[in-house]
file work06.txt (compact mmCIF, C-alpha atoms)
# COMPACT_ATOMS: atom_id res chain seq x y z
CA MET R 1 15.10 36.90 -12.83
CA PRO R 2 12.69 33.97 -12.33
CA THR R 3 12.14 31.65 -15.26
CA ALA R 4 8.93 32.46 -17.12
CA LEU R 5 6.21 29.82 -16.79
CA PRO R 6 4.65 28.29 -19.90
CA SER R 7 1.57 30.01 -21.25
CA PRO R 8 -1.57 28.63 -19.54
CA TRP R 9 -3.43 26.08 -21.62
CA TRP R 10 -6.57 28.24 -21.53
CA ARG R 11 -4.94 31.17 -23.30
CA PRO R 12 -6.73 31.52 -26.68
CA ASP R 13 -3.48 31.25 -28.64
CA SER R 14 -2.42 28.11 -26.74
CA HIS R 15 -5.85 26.53 -27.08
CA ARG R 16 -5.94 27.32 -30.79
CA ASP R 17 -2.68 25.39 -31.28
CA ARG R 18 -3.97 22.43 -29.26
CA ARG R 19 -7.49 22.24 -30.66
CA PRO R 20 -6.71 20.05 -33.72
CA PHE R 21 -5.24 17.42 -31.40
CA LEU R 22 -8.28 17.62 -29.14
CA THR R 23 -10.86 17.26 -31.89
CA ALA R 24 -8.88 14.31 -33.24
CA ARG R 25 -9.01 12.81 -29.74
CA ASN R 26 -12.79 13.04 -29.78
CA ALA R 27 -13.01 11.47 -33.24
CA ILE R 28 -10.73 8.58 -32.26
CA LYS R 29 -12.74 7.92 -29.10
CA ARG R 30 -15.97 7.79 -31.10
CA LYS R 31 -14.51 5.34 -33.60
CA LEU R 32 -13.05 3.10 -30.91
CA ARG R 33 -16.31 3.09 -28.98
CA ASP R 34 -18.17 2.13 -32.17
CA TRP R 35 -15.65 -0.69 -32.78
CA PHE R 36 -16.21 -2.20 -29.33
CA GLU R 37 -19.98 -1.93 -29.52
CA ALA R 38 -20.02 -3.52 -32.98
CA ASP R 39 -18.10 -6.48 -31.50
CA GLY R 40 -20.66 -6.99 -28.74
CA PHE R 41 -18.87 -5.23 -25.88
CA THR R 42 -20.72 -3.37 -23.13
CA GLU R 43 -19.33 -0.04 -21.97
CA VAL R 44 -18.98 0.23 -18.18
CA GLU R 45 -17.93 2.98 -15.80
CA ALA R 46 -15.79 2.00 -12.82
CA ALA R 47 -16.03 4.12 -9.68
CA ALA R 48 -12.85 6.15 -9.22
CA LEU R 49 -12.81 5.95 -5.41
CA GLN R 50 -11.65 2.54 -4.19
CA VAL R 51 -10.58 0.83 -0.98
CA SER R 52 -7.27 -0.03 -2.65
CA PRO R 53 -5.76 1.83 -5.61
CA GLY R 54 -3.86 -1.25 -6.78
CA ASN R 55 -1.05 -3.27 -5.24
CA GLU R 56 1.96 -2.76 -7.50
CA ALA R 57 5.09 -1.69 -5.66
CA HIS R 58 6.03 1.24 -7.87
CA LEU R 59 2.61 2.74 -8.56
CA HIS R 60 1.71 5.73 -6.39
CA ALA R 61 -1.85 6.79 -5.67
CA PHE R 62 -3.73 9.88 -4.56
CA ALA R 63 -5.44 9.38 -1.19
CA THR R 64 -8.46 11.10 0.28
CA GLU R 65 -10.67 10.74 3.33
CA ALA R 66 -14.28 9.59 3.38
CA ILE R 67 -16.45 10.89 6.22
CA THR R 68 -19.78 9.30 7.10
CA THR R 69 -22.81 11.25 8.30
CA ASP R 70 -21.94 10.33 11.89
CA GLY R 71 -18.34 11.54 11.51
CA ARG R 72 -16.49 8.23 11.06
CA ARG R 73 -13.45 8.54 8.82
CA SER R 74 -11.76 6.11 6.45
CA THR R 75 -9.14 6.34 3.71
CA LEU R 76 -10.10 5.92 0.07
CA TYR R 77 -7.91 6.18 -3.02
CA LEU R 78 -8.36 7.39 -6.57
CA HIS R 79 -7.80 4.26 -8.61
CA THR R 80 -4.65 3.82 -10.70
CA SER R 81 -6.64 1.50 -12.99
CA PRO R 82 -10.26 0.28 -13.17
CA GLU R 83 -8.97 -3.31 -13.08
CA PHE R 84 -10.35 -4.41 -9.70
CA ALA R 85 -13.81 -3.04 -10.48
CA ALA R 86 -13.82 -4.54 -13.99
CA LYS R 87 -12.95 -7.99 -12.69
CA LYS R 88 -15.75 -7.76 -10.14
CA LEU R 89 -18.10 -7.12 -13.06
CA LEU R 90 -16.76 -10.25 -14.77
CA ALA R 91 -17.47 -12.17 -11.57
CA ALA R 92 -20.98 -10.71 -11.63
CA GLY R 93 -21.58 -12.19 -15.08
CA GLU R 94 -20.41 -9.64 -17.64
CA THR R 95 -18.44 -11.22 -20.48
CA LYS R 96 -17.11 -8.45 -22.79
CA ILE R 97 -16.64 -5.00 -21.26
CA PHE R 98 -14.69 -1.81 -21.94
CA ASP R 99 -14.15 1.42 -20.03
CA PHE R 100 -12.66 4.78 -21.03
CA ALA R 101 -11.54 5.26 -17.42
CA ARG R 102 -10.09 8.40 -15.90
CA VAL R 103 -7.27 7.26 -13.62
CA TRP R 104 -4.76 8.95 -11.33
CA ARG R 105 -1.11 8.20 -10.60
CA ASN R 106 1.09 10.25 -8.33
CA ARG R 107 4.80 10.94 -8.93
CA GLU R 108 4.21 10.87 -12.70
CA ARG R 109 4.63 13.90 -14.97
CA GLY R 110 6.52 14.33 -18.23
CA PRO R 111 6.09 14.25 -22.00
CA LEU R 112 4.36 10.83 -21.80
CA HIS R 113 3.07 10.95 -18.22
CA HIS R 114 0.33 12.95 -16.52
CA PRO R 115 -1.11 12.64 -13.00
CA GLU R 116 -4.63 12.27 -14.44
CA PHE R 117 -5.11 10.43 -17.71
CA THR R 118 -7.38 7.99 -19.56
CA LEU R 119 -6.94 4.23 -19.69
CA LEU R 120 -8.97 2.32 -22.21
CA GLU R 121 -9.43 -1.06 -20.55
CA TRP R 122 -11.27 -4.02 -21.99
CA TYR R 123 -11.84 -7.61 -20.93
CA ARG R 124 -12.91 -10.81 -22.68
CA ALA R 125 -14.22 -13.70 -20.60
CA SER R 126 -13.44 -17.25 -21.74
CA GLU R 127 -10.86 -16.08 -24.30
CA THR R 128 -7.07 -16.18 -24.37
CA TYR R 129 -4.82 -13.14 -24.33
CA GLU R 130 -3.95 -13.73 -27.97
CA ALA R 131 -7.39 -12.23 -28.72
CA LEU R 132 -6.15 -8.99 -27.15
CA MET R 133 -3.16 -8.97 -29.49
CA ALA R 134 -5.53 -8.96 -32.45
CA ASP R 135 -7.65 -6.26 -30.80
CA SER R 136 -4.58 -4.08 -30.26
CA ALA R 137 -3.53 -4.29 -33.90
CA ALA R 138 -7.04 -3.38 -35.04
CA LEU R 139 -7.25 -0.36 -32.73
CA LEU R 140 -3.86 0.99 -33.83
CA ALA R 141 -5.02 0.92 -37.43
CA LEU R 142 -8.39 2.47 -36.60
CA ALA R 143 -6.85 5.32 -34.59
CA ALA R 144 -4.40 6.16 -37.38
CA GLU R 145 -7.09 5.94 -40.07
CA THR R 146 -9.36 8.26 -38.07
CA ALA R 147 -6.57 10.81 -37.60
CA GLY R 148 -5.62 10.59 -41.28
CA ALA R 149 -2.14 9.35 -40.36
CA LYS R 150 -0.09 7.01 -42.54
CA ALA R 151 2.32 6.37 -39.66
CA LEU R 152 2.48 6.61 -35.89
CA THR R 153 5.25 9.00 -34.84
CA TRP R 154 7.16 9.95 -31.70
CA ARG R 155 10.50 11.80 -31.43
CA GLY R 156 11.76 10.71 -34.83
CA GLY R 157 10.52 7.13 -34.54
CA THR R 158 7.82 5.82 -36.85
CA ALA R 159 5.63 2.72 -36.99
CA ASN R 160 3.26 1.51 -39.66
CA PRO R 161 -0.09 1.11 -37.84
CA PHE R 162 -1.48 -1.07 -40.62
CA ALA R 163 1.29 -3.69 -40.47
CA GLU R 164 0.94 -6.79 -38.31
CA PRO R 165 2.81 -6.23 -35.03
CA GLU R 166 6.01 -8.16 -34.41
CA ARG R 167 5.76 -10.62 -31.51
CA VAL R 168 8.87 -10.92 -29.33
CA THR R 169 9.30 -12.69 -25.98
CA LEU R 170 11.25 -11.05 -23.16
CA ALA R 171 13.84 -13.82 -23.42
CA GLU R 172 14.28 -13.11 -27.14
CA ALA R 173 14.51 -9.36 -26.54
CA PHE R 174 17.18 -9.72 -23.83
CA GLU R 175 19.21 -11.96 -26.13
CA ARG R 176 18.74 -9.82 -29.25
CA PHE R 177 19.46 -6.40 -27.79
CA VAL R 178 21.76 -7.14 -24.84
CA GLY R 179 23.10 -10.67 -25.28
CA ILE R 180 21.68 -11.81 -21.91
CA ASP R 181 20.10 -15.21 -21.25
CA LEU R 182 17.26 -13.86 -19.10
CA LEU R 183 15.66 -17.17 -18.16
CA ALA R 184 18.97 -18.55 -16.89
CA SER R 185 18.26 -16.39 -13.82
CA VAL R 186 14.65 -17.60 -13.36
CA GLY R 187 13.85 -20.96 -11.73
CA VAL R 188 10.98 -23.29 -12.61
CA ASP R 189 9.30 -22.17 -9.37
CA GLY R 190 9.56 -18.51 -10.45
CA ALA R 191 12.40 -17.77 -8.03
CA THR R 192 15.04 -15.39 -9.38
CA ASP R 193 18.84 -15.40 -9.13
CA ARG R 194 19.82 -11.78 -8.59
CA ASP R 195 23.56 -12.37 -8.77
CA ALA R 196 23.37 -14.28 -12.06
CA LEU R 197 21.41 -11.50 -13.76
CA ALA R 198 23.62 -8.82 -12.22
CA ARG R 199 26.77 -10.48 -13.56
CA ALA R 200 25.28 -10.79 -17.04
CA ALA R 201 24.16 -7.17 -17.01
CA ALA R 202 27.52 -5.89 -15.79
CA ALA R 203 29.28 -7.90 -18.50
CA ALA R 204 27.01 -6.14 -21.03
CA GLY R 205 28.16 -2.74 -19.72
CA ILE R 206 25.06 -1.95 -17.67
CA ARG R 207 25.47 -0.24 -14.30
CA VAL R 208 24.56 -2.46 -11.36
CA ALA R 209 24.48 -1.20 -7.77
CA ASP R 210 25.25 -3.39 -4.78
CA ASP R 211 21.73 -3.00 -3.39
CA ASP R 212 19.93 -3.63 -6.68
CA THR R 213 17.37 -6.42 -6.60
CA TRP R 214 16.74 -8.78 -9.53
CA THR R 215 13.80 -6.59 -10.50
CA ASP R 216 15.96 -3.45 -10.37
CA VAL R 217 18.46 -4.97 -12.79
CA PHE R 218 15.72 -6.37 -15.03
CA SER R 219 13.98 -3.00 -15.22
CA ARG R 220 17.19 -1.08 -15.97
CA VAL R 221 18.07 -3.40 -18.86
CA LEU R 222 14.53 -3.18 -20.20
CA VAL R 223 14.30 0.62 -20.02
CA GLU R 224 17.81 1.46 -21.19
CA LYS R 225 18.56 -1.19 -23.80
CA ILE R 226 15.34 -2.76 -25.02
CA GLU R 227 12.38 -0.39 -24.95
CA PRO R 228 13.98 2.27 -27.20
CA ASN R 229 14.23 -0.38 -29.95
CA LEU R 230 10.64 -1.59 -29.78
CA GLY R 231 7.87 -0.64 -32.17
CA MET R 232 10.15 0.80 -34.83
CA GLY R 233 8.82 0.32 -38.35
CA ARG R 234 5.84 -1.58 -36.97
CA ALA R 235 4.35 -2.18 -33.53
CA THR R 236 5.92 -4.73 -31.17
CA ILE R 237 4.12 -7.10 -28.84
CA LEU R 238 6.58 -7.90 -26.04
CA CYS R 239 5.31 -11.03 -24.30
CA GLU R 240 6.01 -13.81 -21.80
CA TYR R 241 7.28 -11.74 -18.89
CA PRO R 242 8.99 -13.58 -16.01
CA VAL R 243 6.23 -14.51 -13.60
CA CYS R 244 7.63 -12.25 -10.87
CA GLU R 245 7.05 -9.28 -13.22
CA ALA R 246 3.37 -10.08 -13.81
CA ALA R 247 1.62 -9.84 -10.46
CA LEU R 248 -1.91 -10.21 -11.87
CA ALA R 249 -1.22 -12.66 -14.72
CA ARG R 250 -1.42 -16.44 -14.75
CA PRO R 251 1.64 -18.58 -15.58
CA LYS R 252 2.02 -19.74 -19.16
CA PRO R 253 0.99 -23.37 -19.64
CA GLY R 254 4.12 -25.46 -20.20
CA ASP R 255 6.58 -22.91 -18.80
CA PRO R 256 5.91 -21.74 -15.22
CA ARG R 257 8.90 -19.36 -15.39
CA VAL R 258 6.91 -16.89 -17.48
CA ALA R 259 3.43 -15.42 -17.39
CA GLU R 260 0.73 -14.59 -19.88
CA ARG R 261 1.56 -10.90 -19.99
CA PHE R 262 2.34 -8.70 -22.97
CA GLU R 263 3.00 -5.03 -23.57
CA LEU R 264 2.34 -3.19 -26.82
CA TYR R 265 4.95 -0.72 -28.11
CA ALA R 266 5.05 1.71 -31.02
CA CYS R 267 7.88 4.17 -31.72
CA GLY R 268 9.60 3.10 -28.49
CA VAL R 269 6.51 4.08 -26.47
CA GLU R 270 4.66 1.62 -24.25
CA LEU R 271 0.99 1.79 -25.22
CA ALA R 272 -0.70 -1.13 -23.49
CA ASN R 273 -0.30 -3.83 -20.84
CA ALA R 274 -2.26 -7.10 -21.06
CA PHE R 275 -2.77 -10.24 -18.99
CA GLY R 276 -4.19 -13.69 -19.19
CA GLU R 277 -5.85 -13.06 -15.84
CA LEU R 278 -4.88 -14.80 -12.63
CA ILE R 279 -8.05 -15.97 -10.85
CA ASP R 280 -6.53 -17.91 -7.93
CA PRO R 281 -7.31 -15.73 -4.85
CA ALA R 282 -4.72 -17.37 -2.60
CA GLU R 283 -1.93 -16.89 -5.15
CA GLN R 284 -3.12 -13.35 -5.85
CA ARG R 285 -2.99 -12.52 -2.14
CA ARG R 286 0.54 -13.92 -1.92
CA ARG R 287 1.70 -11.78 -4.83
CA PHE R 288 0.04 -8.64 -3.46
CA GLN R 289 1.79 -9.16 -0.13
CA ILE R 290 5.15 -9.47 -1.90
CA GLU R 291 4.47 -6.26 -3.83
CA MET R 292 3.43 -4.35 -0.71
CA ASP R 293 6.47 -5.60 1.21
CA GLU R 294 8.61 -4.17 -1.58
CA LYS R 295 6.70 -0.86 -1.51
CA ALA R 296 7.23 -0.65 2.24
CA ARG R 297 10.95 -1.37 1.81
CA VAL R 298 11.49 1.23 -0.90
CA TYR R 299 8.93 3.94 -0.10
CA GLY R 300 7.95 3.34 3.53
CA GLU R 301 4.24 2.81 2.82
CA ARG R 302 1.82 0.13 1.75
CA TYR R 303 -1.72 0.07 0.36
CA PRO R 304 -4.50 -2.11 1.73
CA ILE R 305 -5.58 -5.25 -0.07
CA ASP R 306 -9.12 -5.16 -1.43
CA GLU R 307 -10.65 -8.21 0.25
CA ASP R 308 -13.81 -7.82 -1.83
CA PHE R 309 -11.69 -8.15 -4.97
CA LEU R 310 -10.08 -11.38 -3.74
CA ALA R 311 -13.51 -12.75 -2.88
CA ALA R 312 -14.73 -11.87 -6.39
CA LEU R 313 -11.85 -13.82 -7.96
CA GLU R 314 -13.42 -17.04 -6.67
CA HIS R 315 -16.37 -16.39 -9.01
CA MET R 316 -14.52 -14.86 -11.95
CA PRO R 317 -14.32 -16.90 -15.16
CA GLU R 318 -11.15 -17.45 -17.16
CA ALA R 319 -10.52 -14.13 -18.89
CA CYS R 320 -8.03 -11.79 -20.47
CA GLY R 321 -7.75 -8.04 -20.00
CA ILE R 322 -5.75 -5.08 -21.26
CA ALA R 323 -5.14 -1.45 -20.35
CA LEU R 324 -4.22 0.92 -23.20
CA GLY R 325 -2.99 4.46 -22.63
CA PHE R 326 -5.58 6.29 -24.70
CA ASP R 327 -3.83 9.67 -24.51
CA ARG R 328 -0.59 8.12 -25.77
CA LEU R 329 -2.41 6.46 -28.65
CA VAL R 330 -3.86 9.84 -29.64
CA MET R 331 -0.40 11.40 -29.40
CA LEU R 332 1.18 8.90 -31.76
CA ALA R 333 -1.73 9.06 -34.21
CA THR R 334 -1.73 12.88 -34.35
CA GLY R 335 2.00 13.60 -34.03
CA ALA R 336 1.65 15.45 -30.71
CA SER R 337 4.93 15.84 -28.83
CA ARG R 338 3.58 16.14 -25.26
CA ILE R 339 0.65 14.55 -23.50
CA GLU R 340 -0.79 17.95 -22.49
CA GLN R 341 -1.47 18.66 -26.16
CA VAL R 342 -4.12 15.91 -26.25
CA LEU R 343 -5.75 16.63 -22.86
CA TRP R 344 -8.68 19.06 -22.86
CA THR R 345 -7.82 20.45 -19.40
CA PRO R 346 -4.36 19.47 -18.12
CA VAL R 347 -3.76 19.31 -14.38
CA ALA R 348 -2.15 22.44 -12.98
CA GLY R 349 1.56 22.20 -12.19
CA THR R 350 4.95 21.92 -13.84
CA ASP R 351 7.20 18.99 -14.72

call {"tool": "encode", "arguments": {"input": "work06.txt", "output": "structure tokens"}}
result
Amino acid sequence: MPTALPSPWWRPDSHRDRRPFLTARNAIKRKLRDWFEADGFTEVEAAALQVSPGNEAHLHAFATEAITTDGRRSTLYLHTSPEFAAKKLLAAGETKIFDFARVWRNRERGPLHHPEFTLLEWYRASETYEALMADSAALLALAAETAGAKALTWRGGTANPFAEPERVTLAEAFERFVGIDLLASVGVDGATDRDALARAAAAAGIRVADDDTWTDVFSRVLVEKIEPNLGMGRATILCEYPVCEAALARPKPGDPRVAERFELYACGVELANAFGELIDPAEQRRRFQIEMDEKARVYGERYPIDEDFLAALEHMPEACGIALGFDRLVMLATGASRIEQVLWTPVAGTD
């Protein structure tokens, strides 16, 4: 006998169960929009179809074909983030912008992942990424307050959304949770020592394959040993990523081994990813090429580089930007267990 499929989301009984999460989603979005507008932000709407969907090795896009009136064809992609468009707006002269952007990522489906979801992205020109840390803390509290929640929750983990987030560097996290000196494998020029990190990881009982790269080992340690411990009791800001793990972030002044990148965690769930933005077009091109070489090696494909984006970087001011998974924030504020519970119309398909 075939396994029965889950009840469709549009069944009245299923929708009735989901509706409290959905109305809370609407209320949280209204409150967050009001917060940004009260702080002088302008809401923008990035076009979803782009020449390049983004140039990170392990992000997968949906592609389509554009056809002109005379029959010429070209490939366009549904964006994985509104980042390129937002930075072009900063180059155009905008200074404080936000976007509740619908985005698409292929090869992603699970309790916390959906092929179509909403990123809340915002950017501040002429400000440091520490401003985004304060923003993140304020939005966690506002979302919880709006949902009537005293705590953020996910699979038994809880976090107080009204407490100041803990700030931890990647180096501190590797030492605290795994006993690894992460920066011993990162040179002052950003170059990495794969064998040194692999030996340290193996000594800590972490599986290392012969063909693993430095990034493979780094990611396995982070996912298996560190992330489950983050954001417990209160949110965690995990910052100062090795520069090779922050393709769109500028190096930290005083320590070129790490970049101005942080991620926000609550209840072991990654909620947001932030950068002090890199605005050097030549360096950005170099990093994109490295990422696409890795995508070609692992997946046999590469995405084009948006030349218009690189041209815009020459005019973009110093800025910081952040992408927050809005659906995940709603989940943690409402106690939902799966992302489909907070999406009005989930994409058809199964996990």

call {"tool": "closest_atom_pairs", "arguments": {"input": "work06.txt", "of": "stretch 185-279 of chain R", "to": "stretch 46-55 of chain R", "cutoff": "12 Å", "atoms": "all atoms listed in the file", "output": "CSV"}}
result
residue,atom,partner,partner_atom,distance
R:Ala246,CA,R:Asn55,CA,11.8
R:Ala247,CA,R:Asn55,CA,8.8
R:Leu248,CA,R:Asn55,CA,9.6

call {"tool": "residues_around", "arguments": {"input": "work06.txt", "residues": "R:Ala66", "least_positions_apart": "3", "cutoff": "8 Å", "atoms": "all atoms listed in the file", "output": "PyMOL selection string"}}
result
chain R and resi 73-76

call {"tool": "atom_distance", "arguments": {"input": "work06.txt", "atom1": "atom CA of R:Ile180", "atom2": "atom CA of R:Phe288"}}
result
28.6 Å

call {"tool": "closest_atom_pairs", "arguments": {"input": "work06.txt", "of": "stretch 81-195 of chain R", "to": "stretch 209-226 of chain R", "cutoff": "7 Å", "atoms": "all atoms listed in the file", "output": "Markdown table"}}
result
| residue | atom | partner | partner_atom | distance |
| --- | --- | --- | --- | --- |
| R:Ala173 | CA | R:Ile226 | CA | 6.8 |
| R:Phe177 | CA | R:Ile226 | CA | 6.2 |
| R:Val178 | CA | R:Lys225 | CA | 6.8 |
| R:Thr192 | CA | R:Trp214 | CA | 6.8 |
| R:Asp193 | CA | R:Trp214 | CA | 7.0 |
| R:Arg194 | CA | R:Trp214 | CA | 4.4 |

call {"tool": "atom_distance", "arguments": {"input": "work06.txt", "atom1": "atom CA of R:Ile305", "atom2": "atom CA of R:Asp293"}}
result
12.1 Å

call {"tool": "atom_distance", "arguments": {"input": "work06.txt", "atom1": "atom CA of R:Pro8", "atom2": "atom CA of R:Phe117"}}
result
18.6 Å

call {"tool": "residues_around", "arguments": {"input": "work06.txt", "residues": "R:Ala266", "least_positions_apart": "4", "cutoff": "7 Å", "atoms": "all atoms listed in the file", "output": "ChimeraX atom specification"}}
result
/R:159,230-232,234-236,270

call {"tool": "closest_residue", "arguments": {"input": "work06.txt", "among": "R:Leu183, R:Gly233, R:Cys320, R:Glu121", "to": "R:Trp154", "atoms": "only C-alpha atoms"}}
result
R:Gly233

call {"tool": "residues_around", "arguments": {"input": "work06.txt", "residues": "R:Ile97", "least_positions_apart": "4", "cutoff": "6 Å", "atoms": "all atoms listed in the file", "output": "list in words"}}
result
Phe41, Thr42, Glu43, Trp122 and Tyr123 of chain R

call {"tool": "axis_aligned_box", "arguments": {"input": "work06.txt", "around": "stretch 249-260 of chain R", "padding_each_side": "5 Å", "output": "lines of an AutoDock Vina configuration file"}}
result
center_x = 3.7
center_y = -19.1
center_z = -17.5
size_x = 20.3
size_y = 22.8
size_z = 15.5

call {"tool": "closest_residue", "arguments": {"input": "work06.txt", "among": "R:Ala141, R:Ala348, R:Ala319, R:Ala274", "to": "R:Glu94", "atoms": "all atoms listed in the file"}}
result
R:Ala319

call {"tool": "residues_around", "arguments": {"input": "work06.txt", "residues": "R:Thr345", "least_positions_apart": "5", "cutoff": "12 Å", "atoms": "all atoms listed in the file", "output": "list in words"}}
result
Pro8, Trp9, Trp10, Arg11, Ser14, His15, Arg18, Arg19, Leu22, His114, Glu116, Phe117, Ile339 and Glu340 of chain R

call {"tool": "residues_around", "arguments": {"input": "work06.txt", "residues": "R:Ala38", "least_positions_apart": "6", "cutoff": "12 Å", "atoms": "only C-alpha atoms", "output": "ChimeraX atom specification"}}
result
/R:31-32,96

call {"tool": "closest_residue", "arguments": {"input": "work06.txt", "among": "R:Gly254, R:Pro281, R:Ala91, R:Ser337", "to": "R:His315", "atoms": "only C-alpha atoms"}}
result
R:Ala91

call {"tool": "closest_residue", "arguments": {"input": "work06.txt", "among": "R:Leu313, R:Val186, R:Leu264, R:Ala24", "to": "R:Val243", "atoms": "only C-alpha atoms"}}
result
R:Val186

call {"tool": "closest_residue", "arguments": {"input": "work06.txt", "among": "R:Glu145, R:Glu175, R:Glu240, R:Glu83", "to": "R:Val103", "atoms": "all atoms listed in the file"}}
result
R:Glu83

call {"tool": "closest_residue", "arguments": {"input": "work06.txt", "among": "R:Lys295, R:Phe326, R:Leu78, R:Ala134", "to": "R:Arg33", "atoms": "only C-alpha atoms"}}
result
R:Phe326
